[in-house]
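**Student:** I have a structure here, written as structure tokens, and I will follow up with some questions on it.
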Amino acid sequence: MVEKYKVLIGGEWGDSASGETSEVVNPANGEVVATVPKCGAGEVDACVTAAAAAFPEWSGKTVAERSKLLLELSRLIMANQESLARLETMEHGSPIRKTMNFDVPLCAEQLEYFAGVARGITGETLPVGPWCLSMTVRQPLGVVGLITPWNFPALMVVWKLGAALAMGNTCIVKPPSIAPLTALKLGGLAMEAGIPKGVVNVITGPGETVGEALVGHPGVAKIGFTGDTATGKRIMRVASDTVKQVGLELGGKNAFVILEDADVDSAVEGAVFGAYFNTGQVCAAASRFYVHQSLYDEFSEKFVAASKTLRLGDTMDFATVLGPVAYKGHRDKIAGFVERAKNSGAKLLFEGERPSAPALQEGYFVAPTIFGDCTNDMELMRDEIFGPVVGLSRFGSPDEAIGLVNDTPYGLSASIWTKDTRAGLAMASQIQAGTVWINEHLIIFCETPWGGCKESGWGKDLSKMVFDEYTMTKHIYVDLTGQPVKPWYGILK
Ligand code: NAD
């Protein structure tokens, strides 16, 4: 059955003014599962009006009051764990074992973190002199627009929404058109938790119209964006007209460096997770592998063998570890990368098989694919593929590896595999990336900041640092003397 979803504006569920809708397709079988309103600039305006009207009440609450409401939302997420997980599996194609055990519990945990840590966020008093009190206070920005990608449809919303709400902002969430259902469901749960009407608005529609109207709207103080680098560049341009703040979590082309002394078996385990988790649709996915020449053969052999064991299949089956990619156009784009790589001089080491079940023949499956003998000038080693397709390359010295790793416009993350922590730290300090893991890849905690450099964007999600993104720091100065003793007044006398 195709379910008809509505958008949430000012606490009311509604359709688009035009009555137009867009379809949400289950990528595991190509079937339409839902429709969502295809909104436009008028509905964006209505969201801004609703969020602005809700701002005085929401920002006027104590931090404790907001925190308790976030905890209630977290509780409701876990109370709806199974239905949320099924919904996300259906709209995105992530296997149910992942959405049940990873995405949904992490959304709840993330909100607990924001609810707790927000209560300890403070300003400062500044030691200017005994005649005054000089202090900084943190204030919410106002109405913020949160534009999210499809690769973790629920979690990417919660990362931004939780932090923005905790700090007293009111929010307009714009999820991606292909996977908007969990975001709408989260909006409903926010209302059920008791968060006042208009504090959380969720609007669906094309990025080029709805997203851009949000970015250009003078009533929106900030855009928190996660998505493609090209979209981030466009958002910066549009935001400049209103000198709007933007936080940009963009693409990546993440290196996985195996030094001469690395434990190959643990590197293989890390490589499988780093490259294939979420079918490679992760901004931080390991996609460029630089392996010391002495370990190259052993690593590539073991990595291929481990890649053969992954089970692609029915996303509602708890035994399935890899689902399809999120939409047809993306499947075709990845297929193009693979075909071109085959003619690029790279050596195809492994190309897995799509699931054979008849029910899955219309699904957008892409199997793990590994190329060897790659060089940094190849498209495969330069462009973000956002799928389970990786390239392996050899290096001789650590300096050569650092040069190869930094030879990219991106700067999101990298990992280094070594038994020598000192060598790992020395290399980490020279890698241009927002996160460098040593003997891990793709491990992200609520407590640790997330965000890139170069064309991977700026600003941080997660950790205490995200609260800087959703507050402004105001300096307040109080004269304590009542006397004209100010050191600079003499200049005019
Ligand atoms: P996308 O840029 O196509 O879309 C992201 C969101 O932006 C969607 O909601 C879309 O509707 C909206 N949008 C599109 N055009 C817009 C415009 N002109 N103005 C305003 N909004 C617009 O990205 P995607 O394909 O959904 O997501 C994949 C990308 O996200 C990858 O590049 C990935 O690396 C990146 N990503 C980055 C991080 C990170 O933390 N750095 C995390 C997850 C995903």
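Identifiers in this document derive from the order of the structure tokens: chains are assigned A, B, ..., residues are numbered from 1 separately in each chain, and ligands are numbered from 1 in order of occurrence.
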Report as an mmCIF file with N, CA, C and O atoms, in the first residue's frame which protein, DNA and RNA residues come within 6 Å of ligand 1, using only C-alpha atoms and all ligand atoms.

**Tutor:**
```
data_model
loop_
_atom_site.group_PDB
_atom_site.id
_atom_site.type_symbol
_atom_site.label_atom_id
_atom_site.label_comp_id
_atom_site.auth_asym_id
_atom_site.auth_seq_id
_atom_site.Cartn_x
_atom_site.Cartn_y
_atom_site.Cartn_z
ATOM 1 N N ILE A 147 19.187 21.085 6.694
ATOM 2 C CA ILE A 147 19.022 20.397 5.398
ATOM 3 C C ILE A 147 19.879 19.133 5.433
ATOM 4 O O ILE A 147 21.103 19.210 5.632
ATOM 5 N N THR A 148 19.229 17.988 5.273
ATOM 6 C CA THR A 148 19.925 16.726 5.555
ATOM 7 C C THR A 148 19.991 15.810 4.326
ATOM 8 O O THR A 148 19.173 15.928 3.416
ATOM 9 N N PRO A 149 20.964 14.889 4.316
ATOM 10 C CA PRO A 149 21.155 13.979 3.181
ATOM 11 C C PRO A 149 20.416 12.652 3.409
ATOM 12 O O PRO A 149 19.844 12.438 4.477
ATOM 13 N N TRP A 150 20.495 11.778 2.409
ATOM 14 C CA TRP A 150 19.735 10.535 2.493
ATOM 15 C C TRP A 150 20.525 9.368 3.066
ATOM 16 O O TRP A 150 19.977 8.284 3.237
ATOM 17 N N LYS A 174 14.589 20.038 6.492
ATOM 18 C CA LYS A 174 14.325 19.751 5.072
ATOM 19 C C LYS A 174 15.067 18.465 4.743
ATOM 20 O O LYS A 174 16.255 18.475 4.411
ATOM 21 N N PRO A 175 14.369 17.313 4.839
ATOM 22 C CA PRO A 175 15.048 16.047 4.534
ATOM 23 C C PRO A 175 15.143 15.843 3.023
ATOM 24 O O PRO A 175 14.491 16.548 2.253
ATOM 25 N N PRO A 176 15.935 14.863 2.585
ATOM 26 C CA PRO A 176 16.075 14.618 1.148
ATOM 27 C C PRO A 176 14.794 14.034 0.564
ATOM 28 O O PRO A 176 14.082 13.285 1.246
ATOM 29 N N SER A 177 14.518 14.342 -0.684
ATOM 30 C CA SER A 177 13.262 13.896 -1.298
ATOM 31 C C SER A 177 13.173 12.379 -1.388
ATOM 32 O O SER A 177 12.078 11.822 -1.325
ATOM 33 N N PRO A 206 11.817 19.490 -3.434
ATOM 34 C CA PRO A 206 13.137 19.461 -4.073
ATOM 35 C C PRO A 206 14.121 20.436 -3.422
ATOM 36 O O PRO A 206 13.743 21.539 -3.023
ATOM 37 N N GLY A 207 15.377 20.019 -3.372
ATOM 38 C CA GLY A 207 16.416 20.882 -2.813
ATOM 39 C C GLY A 207 16.526 22.191 -3.562
ATOM 40 O O GLY A 207 16.711 23.259 -2.965
ATOM 41 N N GLU A 208 16.403 22.116 -4.874
ATOM 42 C CA GLU A 208 16.617 23.312 -5.711
ATOM 43 C C GLU A 208 15.542 24.365 -5.458
ATOM 44 O O GLU A 208 15.767 25.542 -5.717
ATOM 45 N N GLY A 211 14.764 23.711 -0.592
ATOM 46 C CA GLY A 211 16.041 23.901 0.115
ATOM 47 C C GLY A 211 16.570 25.303 -0.120
ATOM 48 O O GLY A 211 16.969 26.013 0.813
ATOM 49 N N GLU A 212 16.543 25.694 -1.369
ATOM 50 C CA GLU A 212 17.123 27.002 -1.710
ATOM 51 C C GLU A 212 16.292 28.157 -1.140
ATOM 52 O O GLU A 212 16.841 29.182 -0.734
ATOM 53 N N THR A 226 24.148 19.084 5.647
ATOM 54 C CA THR A 226 25.000 17.928 5.342
ATOM 55 C C THR A 226 24.602 17.429 3.969
ATOM 56 O O THR A 226 23.417 17.210 3.697
ATOM 57 N N GLY A 227 25.584 17.264 3.100
ATOM 58 C CA GLY A 227 25.294 16.779 1.760
ATOM 59 C C GLY A 227 26.499 16.900 0.859
ATOM 60 O O GLY A 227 27.651 16.992 1.326
ATOM 61 N N ASP A 228 26.227 16.932 -0.418
ATOM 62 C CA ASP A 228 27.257 16.923 -1.434
ATOM 63 C C ASP A 228 28.050 18.243 -1.446
ATOM 64 O O ASP A 228 27.485 19.308 -1.177
ATOM 65 N N THR A 229 29.325 18.155 -1.808
ATOM 66 C CA THR A 229 30.158 19.357 -1.856
ATOM 67 C C THR A 229 29.617 20.384 -2.856
ATOM 68 O O THR A 229 29.592 21.586 -2.575
ATOM 69 N N THR A 231 26.538 20.901 -3.716
ATOM 70 C CA THR A 231 25.374 21.567 -3.111
ATOM 71 C C THR A 231 25.847 22.556 -2.041
ATOM 72 O O THR A 231 25.305 23.659 -1.932
ATOM 73 N N ARG A 234 26.859 25.745 -3.620
ATOM 74 C CA ARG A 234 25.681 26.503 -4.049
ATOM 75 C C ARG A 234 25.035 27.194 -2.829
ATOM 76 O O ARG A 234 24.645 28.362 -2.883
ATOM 77 N N ILE A 235 24.942 26.460 -1.727
ATOM 78 C CA ILE A 235 24.334 27.019 -0.508
ATOM 79 C C ILE A 235 25.129 28.229 -0.010
ATOM 80 O O ILE A 235 24.555 29.250 0.382
ATOM 81 N N GLU A 249 28.708 20.123 6.262
ATOM 82 C CA GLU A 249 29.317 18.792 6.369
ATOM 83 C C GLU A 249 29.201 18.167 4.995
ATOM 84 O O GLU A 249 28.127 17.718 4.597
ATOM 85 N N LEU A 250 30.302 18.136 4.250
ATOM 86 C CA LEU A 250 30.218 17.788 2.829
ATOM 87 C C LEU A 250 30.875 16.435 2.531
ATOM 88 O O LEU A 250 31.026 15.602 3.410
ATOM 89 N N GLY A 251 31.258 16.257 1.298
ATOM 90 C CA GLY A 251 31.748 14.947 0.869
ATOM 91 C C GLY A 251 33.152 14.619 1.343
ATOM 92 O O GLY A 251 33.832 15.444 1.966
ATOM 93 N N GLY A 252 33.581 13.408 1.032
ATOM 94 C CA GLY A 252 34.921 12.977 1.428
ATOM 95 C C GLY A 252 35.485 11.964 0.441
ATOM 96 O O GLY A 252 34.758 11.381 -0.369
ATOM 97 N N VAL A 282 28.740 6.431 2.952
ATOM 98 C CA VAL A 282 29.130 7.145 4.162
ATOM 99 C C VAL A 282 30.142 8.196 3.746
ATOM 100 O O VAL A 282 31.076 7.896 2.995
ATOM 101 N N CYS A 283 29.942 9.430 4.251
ATOM 102 C CA CYS A 283 30.872 10.495 3.876
ATOM 103 C C CYS A 283 32.307 10.131 4.231
ATOM 104 O O CYS A 283 33.246 10.545 3.569
ATOM 105 N N GLY A 451 33.588 16.831 11.580
ATOM 106 C CA GLY A 451 33.532 17.867 10.552
ATOM 107 C C GLY A 451 34.853 17.902 9.815
ATOM 108 O O GLY A 451 35.888 17.496 10.353
#
```

**Student:** I'd like the contact shell of region 9-17 of chain A - 12 Å cut-off, only C-alpha atoms, skipping same-chain residues fewer than 4 positions apart - returned as a ChimeraX atom specification.

**Tutor:** /A:4-5,21-22,35-55,170-174,184-185,187-192,194-205,210

**Student:** Kindly give the distance, in Å, that separates CA of Val158 (chain A) and CA of Lys454 (chain A), rounded to a single decimal.

**Tutor:**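 Taking CA of Val158 (chain A) and CA of Lys454 (chain A), their separation equals 24.9 Å.
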
**Student:** Using only C-alpha atoms, which protein or nucleic acid residues come within 9 Å of Leu349 (chain A)? Drop anything in the same chain fewer than 5 positions from it, and give the result as a PyMOL selection string.

**Tutor:** chain A and resi 300-301+304+369-372

**Student:** Rank A:Ser287, A:Phe114, A:Val104, A:Leu442 by their smallest atom-to-atom distance to Lys464 (chain A), using only C-alpha atoms, and report the top residue only.

**Tutor:**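 Distance minimum relative to Lys464 (chain A) lands on A:Phe114.
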
**Student:** For Thr418 (chain A), work out the shell of residues within 12 Å, counting only C-alpha atoms and skipping chain neighbours fewer than 4 positions away, then give it as a PyMOL selection string.

**Tutor:** chain A and resi 256-267+291-292+295+398+422-428+437-440

**Student:** Rounded to one decimal place, report the CA of Glu91 (chain A)-CA of Phe337 (chain A) distance in Å.

**Tutor:**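 Computing the Euclidean distance for CA of Glu91 (chain A) and CA of Phe337 (chain A) yields 24.4 Å.
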
**Student:** List every residue of region 78-146 of chain A that DSSP, applied to the backbone of this structure, places in strand (DSSP E or B), and write the result as an MDAnalysis selection string.

**Tutor:** chainID A and resid 124:126 132:140 143:146

**Student:** Go ahead and dump the residues you just picked, all heavy atoms, as a short mmCIF file (atom, residue, chain, number, x, y, z; two decimals), in the first residue's frame.

**Tutor:**
```
data_model
loop_
_atom_site.label_atom_id
_atom_site.label_comp_id
_atom_site.auth_asym_id
_atom_site.auth_seq_id
_atom_site.Cartn_x
_atom_site.Cartn_y
_atom_site.Cartn_z
N GLU A 124 31.45 33.02 29.90
CA GLU A 124 32.67 33.28 30.66
C GLU A 124 32.58 34.65 31.33
O GLU A 124 31.85 35.52 30.85
CB GLU A 124 33.88 33.34 29.71
CG GLU A 124 34.30 32.03 29.15
CD GLU A 124 35.53 32.20 28.26
OE1 GLU A 124 35.47 33.01 27.31
OE2 GLU A 124 36.54 31.55 28.54
N THR A 125 33.34 34.83 32.42
CA THR A 125 33.59 36.21 32.86
C THR A 125 35.02 36.53 32.47
O THR A 125 35.90 35.66 32.52
CB THR A 125 33.41 36.38 34.38
OG1 THR A 125 34.20 35.40 35.03
CG2 THR A 125 31.96 36.24 34.79
N LEU A 126 35.24 37.78 32.05
CA LEU A 126 36.52 38.12 31.43
C LEU A 126 37.25 39.14 32.30
O LEU A 126 36.65 40.15 32.71
CB LEU A 126 36.27 38.68 30.02
CG LEU A 126 35.40 37.71 29.17
CD1 LEU A 126 34.77 38.43 27.99
CD2 LEU A 126 36.22 36.54 28.70
N CYS A 132 34.74 46.95 36.23
CA CYS A 132 33.65 46.48 35.37
C CYS A 132 33.44 44.98 35.53
O CYS A 132 34.27 44.28 36.09
CB CYS A 132 33.95 46.78 33.90
SG CYS A 132 35.26 45.76 33.26
N LEU A 133 32.28 44.56 35.03
CA LEU A 133 32.02 43.13 34.89
C LEU A 133 31.85 42.89 33.40
O LEU A 133 31.01 43.51 32.75
CB LEU A 133 30.74 42.77 35.65
CG LEU A 133 30.35 41.31 35.66
CD1 LEU A 133 31.43 40.46 36.32
CD2 LEU A 133 29.04 41.15 36.41
N SER A 134 32.68 42.01 32.86
CA SER A 134 32.64 41.74 31.43
C SER A 134 32.38 40.24 31.27
O SER A 134 33.07 39.43 31.86
CB SER A 134 34.00 42.12 30.84
OG SER A 134 33.99 42.03 29.45
N MET A 135 31.35 39.93 30.51
CA MET A 135 31.00 38.50 30.43
C MET A 135 30.48 38.13 29.05
O MET A 135 30.06 39.01 28.29
CB MET A 135 29.93 38.17 31.47
CG MET A 135 28.66 38.96 31.29
SD MET A 135 27.58 38.78 32.70
CE MET A 135 26.89 40.40 32.83
N THR A 136 30.52 36.85 28.76
CA THR A 136 29.89 36.37 27.52
C THR A 136 28.71 35.49 27.89
O THR A 136 28.75 34.74 28.86
CB THR A 136 30.87 35.55 26.66
OG1 THR A 136 31.33 34.43 27.41
CG2 THR A 136 32.04 36.38 26.19
N VAL A 137 27.64 35.65 27.12
CA VAL A 137 26.48 34.77 27.29
C VAL A 137 26.19 34.10 25.96
O VAL A 137 26.44 34.67 24.90
CB VAL A 137 25.23 35.54 27.79
CG1 VAL A 137 25.43 36.06 29.19
CG2 VAL A 137 24.87 36.68 26.85
N ARG A 138 25.68 32.89 26.02
CA ARG A 138 25.31 32.15 24.81
C ARG A 138 23.84 32.35 24.55
O ARG A 138 23.02 32.11 25.44
CB ARG A 138 25.54 30.66 25.01
CG ARG A 138 26.93 30.30 25.36
CD ARG A 138 27.81 30.30 24.12
NE ARG A 138 28.91 29.40 24.38
CZ ARG A 138 29.04 28.21 23.82
NH1 ARG A 138 28.17 27.77 22.95
NH2 ARG A 138 30.05 27.45 24.13
N GLN A 139 23.48 32.74 23.36
CA GLN A 139 22.07 32.91 23.03
C GLN A 139 21.73 32.10 21.79
O GLN A 139 22.57 31.96 20.89
CB GLN A 139 21.78 34.39 22.77
CG GLN A 139 22.00 35.22 24.02
CD GLN A 139 21.49 36.64 23.87
OE1 GLN A 139 21.46 37.17 22.78
NE2 GLN A 139 21.11 37.24 24.97
N PRO A 140 20.50 31.60 21.72
CA PRO A 140 20.10 30.88 20.50
C PRO A 140 20.10 31.84 19.32
O PRO A 140 19.99 33.06 19.48
CB PRO A 140 18.69 30.39 20.83
CG PRO A 140 18.21 31.22 21.96
CD PRO A 140 19.43 31.67 22.72
N VAL A 143 15.52 31.13 14.25
CA VAL A 143 14.99 30.07 13.39
C VAL A 143 16.16 29.49 12.59
O VAL A 143 16.88 30.23 11.92
CB VAL A 143 13.94 30.62 12.41
CG1 VAL A 143 13.46 29.53 11.45
CG2 VAL A 143 12.78 31.24 13.17
N VAL A 144 16.36 28.17 12.66
CA VAL A 144 17.45 27.57 11.89
C VAL A 144 16.88 26.55 10.90
O VAL A 144 15.88 25.87 11.18
CB VAL A 144 18.53 26.92 12.80
CG1 VAL A 144 19.17 27.96 13.69
CG2 VAL A 144 17.97 25.79 13.63
N GLY A 145 17.52 26.48 9.74
CA GLY A 145 17.12 25.52 8.70
C GLY A 145 18.11 24.37 8.70
O GLY A 145 19.32 24.59 8.68
N LEU A 146 17.59 23.14 8.75
CA LEU A 146 18.45 21.96 8.82
C LEU A 146 18.20 21.12 7.57
O LEU A 146 17.12 20.55 7.40
CB LEU A 146 18.14 21.17 10.09
CG LEU A 146 18.12 22.02 11.38
CD1 LEU A 146 17.69 21.19 12.58
CD2 LEU A 146 19.49 22.66 11.64
#
```
